[in-house]
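S.K.: Encoded as structure tokens, here's the structure I'll be asking about.
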Amino acid sequence: MKFKKYITILLVGILVTSCSDFLEPSPSSATGTEEYYTTIEELETALIGAYDAMQGVSSYDKDANHGVQYEYYITEMRSGNTATKIADPDDFSDAGQFESFDVLPTNGFVANYYASFYRVIFRANVVLENLGNVSEDTSALEAEAKFIRGYAYFNLVRLFGDIPLVDHVLLPSETTTQFTRVDKNIIYDLIISDLETAVAGLDNSYKTRASKAAAQGLLAKAYLTIDEPQYLQAQLLCEDIINSGEFSLVDFYDVFYTEGNSEVIYAIGYESLNESQKFSAQFMNSVGRSSGLNYATYDLVNDLNEFGGEIRAENSFRQDPNHLTSIRYQCAKYFPDGDDGGTSNPHIFETSPNPELAGNDWIVLRYADILLLHVEAIMAGGNQTSSAAALASFQEVRNRAGLTDPVTEITLDDLVMERRVELAFENHRLFDIIRLGVAESILTEYAEANGFGFTSTDLLLPMPQNEVNLSKGIMNQNPGY
Amino acid sequence: MKNIRKLRIYVSQKLMATLLLVACVTIVSCDPSIEALEFELPEANSQEDLTPPSAEFLASVGGDYLTYTFSNLSISATSYLWDYGDGNTSTDVDGENTFPDEGTYTVTLTATDNLGVSSSYSEEVVVEEPEVLPTLIPEILEAGFDNGDSGDIPTEIDSRDPWRNDFGGVIQITSSNGYYEGSYGAKLPTAGDRAGYQVIGEFTPNKNYLLNFKYAFRDQVGDDGKLYVAMVRPMDSIEEFEDNTVEIVTYTESIAGDGALLTGSLLFNSGGNTSLAIYFFNELDEAYIDSFEITALD
């Protein structure tokens, strides 16, 4: 009977100790997300991760996220500005589908960009979700993370139309949110509110990270892109940037080859040796994995020669010195290391043992873009303007290009052309002509001249087929695909 | 012999069995009521079309108000027929039409697939010449100071009230002959420590406006008096004056002369503003101002 007491004590003891967290130990050799983000410094590492996702992985690995390095495929090569070096009508490779408006839902570059930018959004959401775990003032971090998220959504919504709205870190069970496409106006509401937070919480201390002016510029562009454009707000945002006195136009060549110059408002940074990008190499003749991508179309070269002025024509493109069977033109704004600008023919890379290395930043927003957006905002959906403020901004861009004849009236066509010759190869053309309402007429004409089949549904990309498949019927495809 | 008969029986039995089998097979194979054989060959394995065509389009107005483009958003179709409701038709994928005149047209898109199944979608397009909105003219309160101050009739209205501000003392009201129009005018004494300020709106953005007014100097001291009239973005403090000035005009006593009531004007562009303020002040000698009026130039 005595033993009964001991057994009871033993059982109670076991019950009490079994409730300790002995069975759920914290990992001692690694840090989990649940307890990591407790200081500003730790949260900042998450933020840098979001920038890293934009930068993308510098490799040719199809499974890696290449971020903005693949953007030219789905924007510039789909706008009539650029094409593959040698167009092959039978070539149904992923890269060849863009210039002829034959993009398939299975296109790997489309899927890569989609996944890349949702990764950017995920990483920004990680920062935003952990703001509450830090006791210090996190308003600057919040502003920066929201800038990143706004930028990523702005690109995605313009490319795909209605897209899934992911504004928090998704749990594995939230597959419906992951695949449900919501109306693009709701996406724009998030973009505008995110960028407004960014404008309020940032200053202009960085060029390769978010800044107040970068948020203002993107917000102005978003206001001009939405279904009911807010011209006045866009104009005021542009004027804030212009009147800040912190930005100015520089020599046209220096815009691209002197990093951090006073014209750059926001750029995605790369370093030649440690953080090289791959797009510069891909634009060359057989330097990257391809025989040559993002080559200027004759349509673009003609416009640059006729309307761009000598300075911009010389510094925007050059004739491919290696390709001798036909005359083709390369982008000259992002030559990789070791390229001497094309004076030798046949072309030899003399100074670099590895011509694939390129540290050229990707300029997302620069002052000339803002000046032309200012004109666009004042034109306010009309067909012309002769407002003094618009003329001053327009003239400033043209003066730098050596076109100093005074402009007394700007038509919509003038503005569309000026944006084309100023911002060629910078992934703006497609979005510009859609925003200004001239995409269908311009691309129909371009397609007819080149024997391509363009229809208005080509203005949106297909939703990636693997996303549609994984969604088990939740995600529908865009019309025309 | 016995063996032969046995053989004949055996053979005939087998023959009969074979015959019976063949007859059975023949009968069975010709019977269409047997389930396995009920389908006609051309339809074998055919499946229902789960995605019939669905027509849809988006209309958008082009450069001039009569021309519309129609983006074809139809699903699962191969041929299209556009009926623009004005007698014009098209079989292109995307539609474009120039309507003959203003009016309401029913645009119908019929999308058909290769099975001959079709779907129609109609939308009413209202073709209308866009109204050119007139440029807004803001109202200026007490523009002519004609109710005087509270000591003048009507005593319940003080013309200075809409012009009061934190940037200078309140203006005075004059009834000295020759220095005003109407009943009274505004006066800025020699000290130069008074100012008039009034926020007005609503302006149409990016339009040219002309502000007209009357002004005069009176020679009270030897100095060369100055009168400043400016259009400024609304200010919170006087430090913002320089940054917020849209346009400013300065009149000088030695050029304008004394005593005569002259016409002054200020041309300005509203820029990105829907409200602006009139701001006037003097220095070095006595000045008068009256009869503000604003007009649009475009």
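Simple scheme: letters A, B, ... for chains in structure tokens order, numbers from 1 for residues in each chain, numbers from 1 for ligands in the order shown.
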Please report, as JSON lines, each residue of chain A lying at most 9 Å from chain B, together with the nearest pair of atoms and the separation in Å rounded to one decimal; use only C-alpha atoms, and order rows by chain and ascending residue number.
M.R.:
```
{"residue": "A:Leu232", "atom": "CA", "partner": "B:Gly272", "partner_atom": "CA", "distance": 6.0}
{"residue": "A:Gln233", "atom": "CA", "partner": "B:Gly272", "partner_atom": "CA", "distance": 8.2}
{"residue": "A:Gln235", "atom": "CA", "partner": "B:Gly272", "partner_atom": "CA", "distance": 6.3}
{"residue": "A:Leu236", "atom": "CA", "partner": "B:Gly272", "partner_atom": "CA", "distance": 6.0}
{"residue": "A:Glu239", "atom": "CA", "partner": "B:Gly272", "partner_atom": "CA", "distance": 8.5}
{"residue": "A:Ile378", "atom": "CA", "partner": "B:Asn206", "partner_atom": "CA", "distance": 6.9}
{"residue": "A:Gly382", "atom": "CA", "partner": "B:Gly63", "partner_atom": "CA", "distance": 9.0}
{"residue": "A:Asn383", "atom": "CA", "partner": "B:Gly63", "partner_atom": "CA", "distance": 7.6}
{"residue": "A:Ser387", "atom": "CA", "partner": "B:Asn206", "partner_atom": "CA", "distance": 6.6}
{"residue": "A:Ala388", "atom": "CA", "partner": "B:Asn269", "partner_atom": "CA", "distance": 8.2}
{"residue": "A:Ala389", "atom": "CA", "partner": "B:Gly271", "partner_atom": "CA", "distance": 7.3}
{"residue": "A:Gly437", "atom": "CA", "partner": "B:Gly62", "partner_atom": "CA", "distance": 7.9}
{"residue": "A:Val438", "atom": "CA", "partner": "B:Gly62", "partner_atom": "CA", "distance": 8.4}
{"residue": "A:Glu440", "atom": "CA", "partner": "B:Thr69", "partner_atom": "CA", "distance": 8.4}
{"residue": "A:Thr455", "atom": "CA", "partner": "B:Asp94", "partner_atom": "CA", "distance": 6.3}
{"residue": "A:Ser456", "atom": "CA", "partner": "B:Ser71", "partner_atom": "CA", "distance": 5.3}
{"residue": "A:Thr457", "atom": "CA", "partner": "B:Leu73", "partner_atom": "CA", "distance": 6.7}
{"residue": "A:Asn478", "atom": "CA", "partner": "B:Leu73", "partner_atom": "CA", "distance": 8.5}
{"residue": "A:Pro479", "atom": "CA", "partner": "B:Leu73", "partner_atom": "CA", "distance": 5.3}
{"residue": "A:Gly480", "atom": "CA", "partner": "B:Ile75", "partner_atom": "CA", "distance": 6.6}
{"residue": "A:Tyr481", "atom": "CA", "partner": "B:Ile75", "partner_atom": "CA", "distance": 8.4}
```
S.K.: Output N, CA and C atoms of each residue in that selection to a file, as a PDB file, in the first residue's frame.
M.R.:
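The resulting file, again-v9.pdb, is shown below:
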```
ATOM      1  N   LEU A 232      -3.841  66.549 -62.062  1.00  0.00           N
ATOM      2  CA  LEU A 232      -3.349  67.631 -61.225  1.00  0.00           C
ATOM      3  C   LEU A 232      -2.389  67.106 -60.151  1.00  0.00           C
ATOM      4  N   GLN A 233      -2.775  65.972 -59.515  1.00  0.00           N
ATOM      5  CA  GLN A 233      -1.882  65.405 -58.507  1.00  0.00           C
ATOM      6  C   GLN A 233      -0.539  65.005 -59.111  1.00  0.00           C
ATOM      7  N   GLN A 235       0.869  66.325 -61.726  1.00  0.00           N
ATOM      8  CA  GLN A 235       1.612  67.553 -62.023  1.00  0.00           C
ATOM      9  C   GLN A 235       2.296  68.097 -60.769  1.00  0.00           C
ATOM     10  N   LEU A 236       1.563  68.116 -59.658  1.00  0.00           N
ATOM     11  CA  LEU A 236       2.134  68.654 -58.426  1.00  0.00           C
ATOM     12  C   LEU A 236       3.305  67.808 -57.937  1.00  0.00           C
ATOM     13  N   GLU A 239       6.223  68.620 -60.044  1.00  0.00           N
ATOM     14  CA  GLU A 239       6.747  69.951 -59.707  1.00  0.00           C
ATOM     15  C   GLU A 239       7.501  69.939 -58.382  1.00  0.00           C
ATOM     16  N   ILE A 378       0.266  68.045 -67.607  1.00  0.00           N
ATOM     17  CA  ILE A 378      -0.336  69.329 -67.989  1.00  0.00           C
ATOM     18  C   ILE A 378      -1.226  69.159 -69.221  1.00  0.00           C
ATOM     19  N   GLY A 382      -5.479  65.718 -73.161  1.00  0.00           N
ATOM     20  CA  GLY A 382      -5.800  66.418 -74.398  1.00  0.00           C
ATOM     21  C   GLY A 382      -4.858  66.031 -75.522  1.00  0.00           C
ATOM     22  N   ASN A 383      -4.970  66.732 -76.638  1.00  0.00           N
ATOM     23  CA  ASN A 383      -4.121  66.399 -77.779  1.00  0.00           C
ATOM     24  C   ASN A 383      -2.959  67.356 -77.968  1.00  0.00           C
ATOM     25  N   SER A 387       1.103  75.361 -72.729  1.00  0.00           N
ATOM     26  CA  SER A 387       1.340  75.958 -71.406  1.00  0.00           C
ATOM     27  C   SER A 387       2.831  76.205 -71.211  1.00  0.00           C
ATOM     28  N   ALA A 388       3.147  77.345 -70.629  1.00  0.00           N
ATOM     29  CA  ALA A 388       4.558  77.737 -70.486  1.00  0.00           C
ATOM     30  C   ALA A 388       5.336  76.720 -69.654  1.00  0.00           C
ATOM     31  N   ALA A 389       4.696  76.195 -68.592  1.00  0.00           N
ATOM     32  CA  ALA A 389       5.391  75.248 -67.725  1.00  0.00           C
ATOM     33  C   ALA A 389       5.712  73.953 -68.487  1.00  0.00           C
ATOM     34  N   GLY A 437      -2.650  55.957 -74.628  1.00  0.00           N
ATOM     35  CA  GLY A 437      -3.790  55.575 -75.469  1.00  0.00           C
ATOM     36  C   GLY A 437      -3.476  55.389 -76.937  1.00  0.00           C
ATOM     37  N   VAL A 438      -2.202  55.207 -77.288  1.00  0.00           N
ATOM     38  CA  VAL A 438      -1.850  55.075 -78.704  1.00  0.00           C
ATOM     39  C   VAL A 438      -1.267  53.705 -79.024  1.00  0.00           C
ATOM     40  N   GLU A 440      -2.556  50.649 -79.471  1.00  0.00           N
ATOM     41  CA  GLU A 440      -3.181  49.813 -80.488  1.00  0.00           C
ATOM     42  C   GLU A 440      -2.867  50.309 -81.893  1.00  0.00           C
ATOM     43  N   THR A 455      -2.998  41.814 -81.970  1.00  0.00           N
ATOM     44  CA  THR A 455      -4.370  42.146 -81.593  1.00  0.00           C
ATOM     45  C   THR A 455      -4.328  42.807 -80.220  1.00  0.00           C
ATOM     46  N   SER A 456      -5.411  43.478 -79.874  1.00  0.00           N
ATOM     47  CA  SER A 456      -5.378  44.298 -78.650  1.00  0.00           C
ATOM     48  C   SER A 456      -5.141  43.460 -77.397  1.00  0.00           C
ATOM     49  N   THR A 457      -5.476  42.167 -77.447  1.00  0.00           N
ATOM     50  CA  THR A 457      -5.256  41.344 -76.248  1.00  0.00           C
ATOM     51  C   THR A 457      -3.770  41.082 -76.016  1.00  0.00           C
ATOM     52  N   ASN A 478      -5.901  35.310 -69.320  1.00  0.00           N
ATOM     53  CA  ASN A 478      -6.282  36.544 -70.002  1.00  0.00           C
ATOM     54  C   ASN A 478      -6.892  36.238 -71.367  1.00  0.00           C
ATOM     55  N   PRO A 479      -7.804  37.025 -71.878  1.00  0.00           N
ATOM     56  CA  PRO A 479      -8.380  36.763 -73.202  1.00  0.00           C
ATOM     57  C   PRO A 479      -7.281  36.761 -74.273  1.00  0.00           C
ATOM     58  N   GLY A 480      -7.507  35.932 -75.275  1.00  0.00           N
ATOM     59  CA  GLY A 480      -6.573  35.895 -76.404  1.00  0.00           C
ATOM     60  C   GLY A 480      -5.457  34.888 -76.240  1.00  0.00           C
ATOM     61  N   TYR A 481      -5.409  34.223 -75.096  1.00  0.00           N
ATOM     62  CA  TYR A 481      -4.349  33.215 -74.901  1.00  0.00           C
ATOM     63  C   TYR A 481      -4.938  31.819 -74.716  1.00  0.00           C
TER      64      TYR A 481
END
```
S.K.: Skip Asp101 (chain B) itself and residues of its chain fewer than 2 positions away, then list as a PyMOL selection string all residues within 8 Å of it, counting only C-alpha atoms.
M.R.: chain B and resi 66+99+103+127
S.K.: Mind the document's chain letters and residue numbers, and return as a VMD selection string the residues of region 12-221 of chain B that DSSP labels helix (DSSP H, G or I).
M.R.: chain B and resid 12 to 29 35 to 37 41 to 43 161 to 163
S.K.: Include N, CA and C atoms and write out the residues we just selected as a PDB file, in the first residue's frame.
M.R.:
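File written: part04.pdb
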```pdb
ATOM      1  N   SER B  12     -20.528 -34.465 -88.906  1.00  0.00           N
ATOM      2  CA  SER B  12     -21.757 -33.679 -89.060  1.00  0.00           C
ATOM      3  C   SER B  12     -22.077 -32.918 -87.761  1.00  0.00           C
ATOM      4  N   GLN B  13     -21.754 -33.544 -86.598  1.00  0.00           N
ATOM      5  CA  GLN B  13     -21.976 -32.830 -85.328  1.00  0.00           C
ATOM      6  C   GLN B  13     -21.143 -31.545 -85.278  1.00  0.00           C
ATOM      7  N   LYS B  14     -19.883 -31.693 -85.640  1.00  0.00           N
ATOM      8  CA  LYS B  14     -18.989 -30.516 -85.617  1.00  0.00           C
ATOM      9  C   LYS B  14     -19.491 -29.450 -86.578  1.00  0.00           C
ATOM     10  N   LEU B  15     -19.897 -29.900 -87.766  1.00  0.00           N
ATOM     11  CA  LEU B  15     -20.383 -28.950 -88.772  1.00  0.00           C
ATOM     12  C   LEU B  15     -21.593 -28.187 -88.241  1.00  0.00           C
ATOM     13  N   MET B  16     -22.538 -28.980 -87.643  1.00  0.00           N
ATOM     14  CA  MET B  16     -23.733 -28.347 -87.099  1.00  0.00           C
ATOM     15  C   MET B  16     -23.372 -27.297 -86.030  1.00  0.00           C
ATOM     16  N   ALA B  17     -22.417 -27.678 -85.171  1.00  0.00           N
ATOM     17  CA  ALA B  17     -22.008 -26.754 -84.098  1.00  0.00           C
ATOM     18  C   ALA B  17     -21.418 -25.474 -84.682  1.00  0.00           C
ATOM     19  N   THR B  18     -20.555 -25.642 -85.678  1.00  0.00           N
ATOM     20  CA  THR B  18     -19.932 -24.483 -86.322  1.00  0.00           C
ATOM     21  C   THR B  18     -20.989 -23.594 -86.948  1.00  0.00           C
ATOM     22  N   LEU B  19     -21.925 -24.233 -87.660  1.00  0.00           N
ATOM     23  CA  LEU B  19     -23.003 -23.503 -88.330  1.00  0.00           C
ATOM     24  C   LEU B  19     -23.805 -22.680 -87.315  1.00  0.00           C
ATOM     25  N   LEU B  20     -24.117 -23.391 -86.204  1.00  0.00           N
ATOM     26  CA  LEU B  20     -24.885 -22.724 -85.154  1.00  0.00           C
ATOM     27  C   LEU B  20     -24.139 -21.485 -84.622  1.00  0.00           C
ATOM     28  N   LEU B  21     -22.864 -21.661 -84.401  1.00  0.00           N
ATOM     29  CA  LEU B  21     -22.020 -20.562 -83.898  1.00  0.00           C
ATOM     30  C   LEU B  21     -22.016 -19.376 -84.862  1.00  0.00           C
ATOM     31  N   VAL B  22     -21.798 -19.729 -86.140  1.00  0.00           N
ATOM     32  CA  VAL B  22     -21.756 -18.682 -87.169  1.00  0.00           C
ATOM     33  C   VAL B  22     -23.092 -17.946 -87.225  1.00  0.00           C
ATOM     34  N   ALA B  23     -24.183 -18.745 -87.179  1.00  0.00           N
ATOM     35  CA  ALA B  23     -25.513 -18.129 -87.224  1.00  0.00           C
ATOM     36  C   ALA B  23     -25.708 -17.190 -86.044  1.00  0.00           C
ATOM     37  N   CYS B  24     -25.307 -17.702 -84.871  1.00  0.00           N
ATOM     38  CA  CYS B  24     -25.439 -16.869 -83.666  1.00  0.00           C
ATOM     39  C   CYS B  24     -24.674 -15.566 -83.807  1.00  0.00           C
ATOM     40  N   VAL B  25     -23.407 -15.691 -84.193  1.00  0.00           N
ATOM     41  CA  VAL B  25     -22.551 -14.505 -84.348  1.00  0.00           C
ATOM     42  C   VAL B  25     -23.165 -13.530 -85.335  1.00  0.00           C
ATOM     43  N   THR B  26     -23.643 -14.069 -86.444  1.00  0.00           N
ATOM     44  CA  THR B  26     -24.237 -13.212 -87.475  1.00  0.00           C
ATOM     45  C   THR B  26     -25.439 -12.468 -86.916  1.00  0.00           C
ATOM     46  N   ILE B  27     -26.291 -13.200 -86.223  1.00  0.00           N
ATOM     47  CA  ILE B  27     -27.503 -12.570 -85.682  1.00  0.00           C
ATOM     48  C   ILE B  27     -27.125 -11.486 -84.662  1.00  0.00           C
ATOM     49  N   VAL B  28     -26.229 -11.884 -83.761  1.00  0.00           N
ATOM     50  CA  VAL B  28     -25.842 -10.955 -82.701  1.00  0.00           C
ATOM     51  C   VAL B  28     -25.181  -9.700 -83.275  1.00  0.00           C
ATOM     52  N   SER B  29     -24.297  -9.913 -84.235  1.00  0.00           N
ATOM     53  CA  SER B  29     -23.545  -8.773 -84.772  1.00  0.00           C
ATOM     54  C   SER B  29     -24.432  -7.815 -85.541  1.00  0.00           C
ATOM     55  N   GLU B  35     -25.647  -2.733 -76.647  1.00  0.00           N
ATOM     56  CA  GLU B  35     -25.105  -1.458 -76.177  1.00  0.00           C
ATOM     57  C   GLU B  35     -23.744  -1.093 -76.776  1.00  0.00           C
ATOM     58  N   ALA B  36     -22.862  -2.061 -76.814  1.00  0.00           N
ATOM     59  CA  ALA B  36     -21.491  -1.807 -77.255  1.00  0.00           C
ATOM     60  C   ALA B  36     -21.426  -1.332 -78.691  1.00  0.00           C
ATOM     61  N   LEU B  37     -22.503  -1.552 -79.428  1.00  0.00           N
ATOM     62  CA  LEU B  37     -22.431  -1.242 -80.856  1.00  0.00           C
ATOM     63  C   LEU B  37     -23.308  -0.061 -81.239  1.00  0.00           C
ATOM     64  N   LEU B  41     -19.603   5.384 -85.931  1.00  0.00           N
ATOM     65  CA  LEU B  41     -18.153   5.540 -85.877  1.00  0.00           C
ATOM     66  C   LEU B  41     -17.673   6.999 -85.870  1.00  0.00           C
ATOM     67  N   PRO B  42     -18.229   7.881 -86.727  1.00  0.00           N
ATOM     68  CA  PRO B  42     -17.692   9.249 -86.762  1.00  0.00           C
ATOM     69  C   PRO B  42     -17.794   9.972 -85.417  1.00  0.00           C
ATOM     70  N   GLU B  43     -18.726   9.583 -84.591  1.00  0.00           N
ATOM     71  CA  GLU B  43     -18.870  10.283 -83.316  1.00  0.00           C
ATOM     72  C   GLU B  43     -18.161   9.574 -82.180  1.00  0.00           C
ATOM     73  N   ASP B 161     -12.434  93.009 -44.180  1.00  0.00           N
ATOM     74  CA  ASP B 161     -12.414  91.679 -43.566  1.00  0.00           C
ATOM     75  C   ASP B 161     -11.827  90.576 -44.457  1.00  0.00           C
ATOM     76  N   PRO B 162     -12.262  90.443 -45.722  1.00  0.00           N
ATOM     77  CA  PRO B 162     -11.702  89.346 -46.540  1.00  0.00           C
ATOM     78  C   PRO B 162     -10.209  89.517 -46.834  1.00  0.00           C
ATOM     79  N   TRP B 163      -9.686  90.706 -46.552  1.00  0.00           N
ATOM     80  CA  TRP B 163      -8.285  90.989 -46.899  1.00  0.00           C
ATOM     81  C   TRP B 163      -7.346  90.926 -45.688  1.00  0.00           C
TER      82      TRP B 163
END
```
S.K.: At a cut-off of 7 Å, using only C-alpha atoms, what residues contact region 463-471 of chain A? Leave out same-chain residues fewer than 4 positions from it and give the result as a PyMOL selection string.
M.R.: chain A and resi 105-106+110-111+160+179+475-478
S.K.: Next, write the just-selected residues to a file, as a tab-separated table (two decimals), in the first residue's frame, keeping N, CA and C atoms as the atom set.
M.R.:
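What follows is the written file again.tsv:
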```tsv
chain	number	residue	atom	x	y	z
A	105	PRO	N	1.40	31.09	-73.15
A	105	PRO	CA	1.27	31.05	-71.68
A	105	PRO	C	2.40	30.26	-71.01
A	106	THR	N	3.07	29.43	-71.78
A	106	THR	CA	4.15	28.62	-71.20
A	106	THR	C	5.49	29.34	-71.25
A	110	VAL	N	8.17	35.05	-69.03
A	110	VAL	CA	6.97	35.62	-68.41
A	110	VAL	C	6.80	35.03	-67.01
A	111	ALA	N	6.92	33.70	-66.92
A	111	ALA	CA	6.77	33.02	-65.62
A	111	ALA	C	7.84	33.49	-64.65
A	160	PHE	N	0.13	42.30	-66.46
A	160	PHE	CA	-0.80	41.16	-66.43
A	160	PHE	C	-2.26	41.57	-66.25
A	179	PHE	N	-4.05	32.67	-55.70
A	179	PHE	CA	-4.41	32.50	-57.11
A	179	PHE	C	-5.61	33.32	-57.57
A	475	MET	N	-7.49	30.37	-61.00
A	475	MET	CA	-6.93	31.45	-61.83
A	475	MET	C	-7.36	31.28	-63.28
A	476	ASN	N	-7.98	32.32	-63.83
A	476	ASN	CA	-8.36	32.24	-65.24
A	476	ASN	C	-7.30	32.93	-66.10
A	477	GLN	N	-7.31	32.60	-67.38
A	477	GLN	CA	-6.32	33.12	-68.31
A	477	GLN	C	-6.82	34.45	-68.89
A	478	ASN	N	-5.90	35.31	-69.32
A	478	ASN	CA	-6.28	36.54	-70.00
A	478	ASN	C	-6.89	36.24	-71.37
```
S.K.: Which residues are close to Arg149 (chain A), i.e. within 10 Å by only C-alpha atoms, leaving aside same-chain residues fewer than 4 positions away? Reply as a list in words.
M.R.: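 With the cut-off at 10 Å, the set is Ala50, Phe117, Tyr118, Val120, Ile121, Phe122, Arg123, Ala124, Asn125, Leu128, Ala143, Glu144, Ala145, Tyr153, Phe154, Val166, Asp167, Leu190, Ile191, Asp194 and Leu195 of chain A.
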S.K.: Name the residues in contact with Leu141 (chain B) at a cut-off of 10 Å, using only C-alpha atoms, excluding same-chain residues fewer than 2 positions from it; report them as a CSV table (one decimal) with C-alpha atoms, in the first residue's frame.
M.R.:
```
chain,number,residue,atom,x,y,z
B,138,PRO,CA,-12.7,82.8,-59.1
B,139,GLU,CA,-14.7,85.3,-57.1
B,143,ALA,CA,-12.9,93.5,-54.9
B,144,GLY,CA,-13.7,97.2,-55.0
B,145,PHE,CA,-13.7,97.9,-51.2
B,159,SER,CA,-14.7,95.6,-46.8
B,160,ARG,CA,-11.3,95.0,-45.1
B,161,ASP,CA,-12.4,91.7,-43.6
B,162,PRO,CA,-11.7,89.3,-46.5
B,163,TRP,CA,-8.3,91.0,-46.9
B,198,GLN,CA,-7.1,87.0,-50.0
B,199,VAL,CA,-7.2,83.4,-51.1
B,200,ILE,CA,-9.4,83.0,-54.1
B,292,PHE,CA,-9.7,94.1,-58.6
```
S.K.: So what do you get for CA of Ala296 (chain A) versus CA of Glu310 (chain A), distance-wise?
M.R.: 16.7 Å
S.K.: Write out as a list in words which residues come within 7 Å of Gly168 (chain B) when counting only C-alpha atoms, dropping same-chain ones fewer than 2 positions away.
M.R.: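 Counting only C-alpha atoms, the residues come to Asn165, Asp166, Val170, Asp193, Arg194 and Ala195 of chain B.
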S.K.: Can you check which residues of region 366-448 of chain A DSSP gives as strand (DSSP E) on the backbone and send them as a PyMOL selection string?
M.R.: chain A and resi 366+384-385+410-411
S.K.: Using C-alpha atoms, can you write the selected residues to a file as a short mmCIF file (atom, residue, chain, number, x, y, z; two decimals), in the first residue's frame?
M.R.:
```
data_model
loop_
_atom_site.label_atom_id
_atom_site.label_comp_id
_atom_site.auth_asym_id
_atom_site.auth_seq_id
_atom_site.Cartn_x
_atom_site.Cartn_y
_atom_site.Cartn_z
CA ARG A 366 15.50 59.56 -64.11
CA GLN A 384 -1.82 69.38 -77.32
CA THR A 385 -0.59 71.98 -74.89
CA ILE A 410 3.51 70.16 -77.96
CA THR A 411 1.12 67.67 -79.52
#
```
S.K.: Got a sec: who's within 12 Å of Ala449 (chain A), counting only C-alpha atoms, leaving out chain neighbours fewer than 3 positions off, as a PyMOL selection string?
M.R.: chain A and resi 80+100+297-299+442-446+452-454
S.K.: Let me see the file: selected residues, C-alpha atoms, as a compact mmCIF listing (two decimals), in the first residue's frame.
M.R.:
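The file below, part.txt, is the result:
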```txt
# COMPACT_ATOMS: atom_id res chain seq x y z
CA GLY A 80 8.27 47.61 -81.43
CA SER A 100 6.02 39.05 -83.12
CA THR A 297 14.35 47.54 -84.70
CA TYR A 298 14.75 49.57 -87.88
CA ASP A 299 11.60 51.38 -86.79
CA ILE A 442 1.13 52.16 -83.16
CA LEU A 443 1.56 48.42 -82.68
CA THR A 444 -1.02 47.49 -85.34
CA GLU A 445 0.89 49.60 -87.84
CA TYR A 446 4.23 48.15 -86.71
CA PHE A 452 3.30 40.10 -87.38
CA GLY A 453 -0.16 39.49 -86.00
CA PHE A 454 -1.01 42.03 -83.33
```
S.K.: Rounded to one decimal in Å, what is the spacing between CA of Ser280 (chain A) and CA of Val157 (chain A)?
M.R.: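 CA of Ser280 (chain A) sits 26.1 Å away from CA of Val157 (chain A).
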S.K.: Quick one, how far is CA of Tyr329 (chain A) from CA of Ile268 (chain A)?
M.R.: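 So the two atoms, CA of Tyr329 (chain A) and CA of Ile268 (chain A), lie 25.5 Å apart.
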S.K.: Taking only C-alpha atoms into account, which of A:Asn185, A:Asn81, A:Thr225, A:Ser316 comes nearest Gly381 (chain A)?
M.R.: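 Nearest to Gly381 (chain A): A:Thr225.
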S.K.: Which residue, B:Leu188, B:Ile238, B:Leu266, B:Val232, has the smallest gap to Phe281 (chain B) when you use only C-alpha atoms?
M.R.: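 Closest to Phe281 (chain B) of all the choices is B:Leu188.
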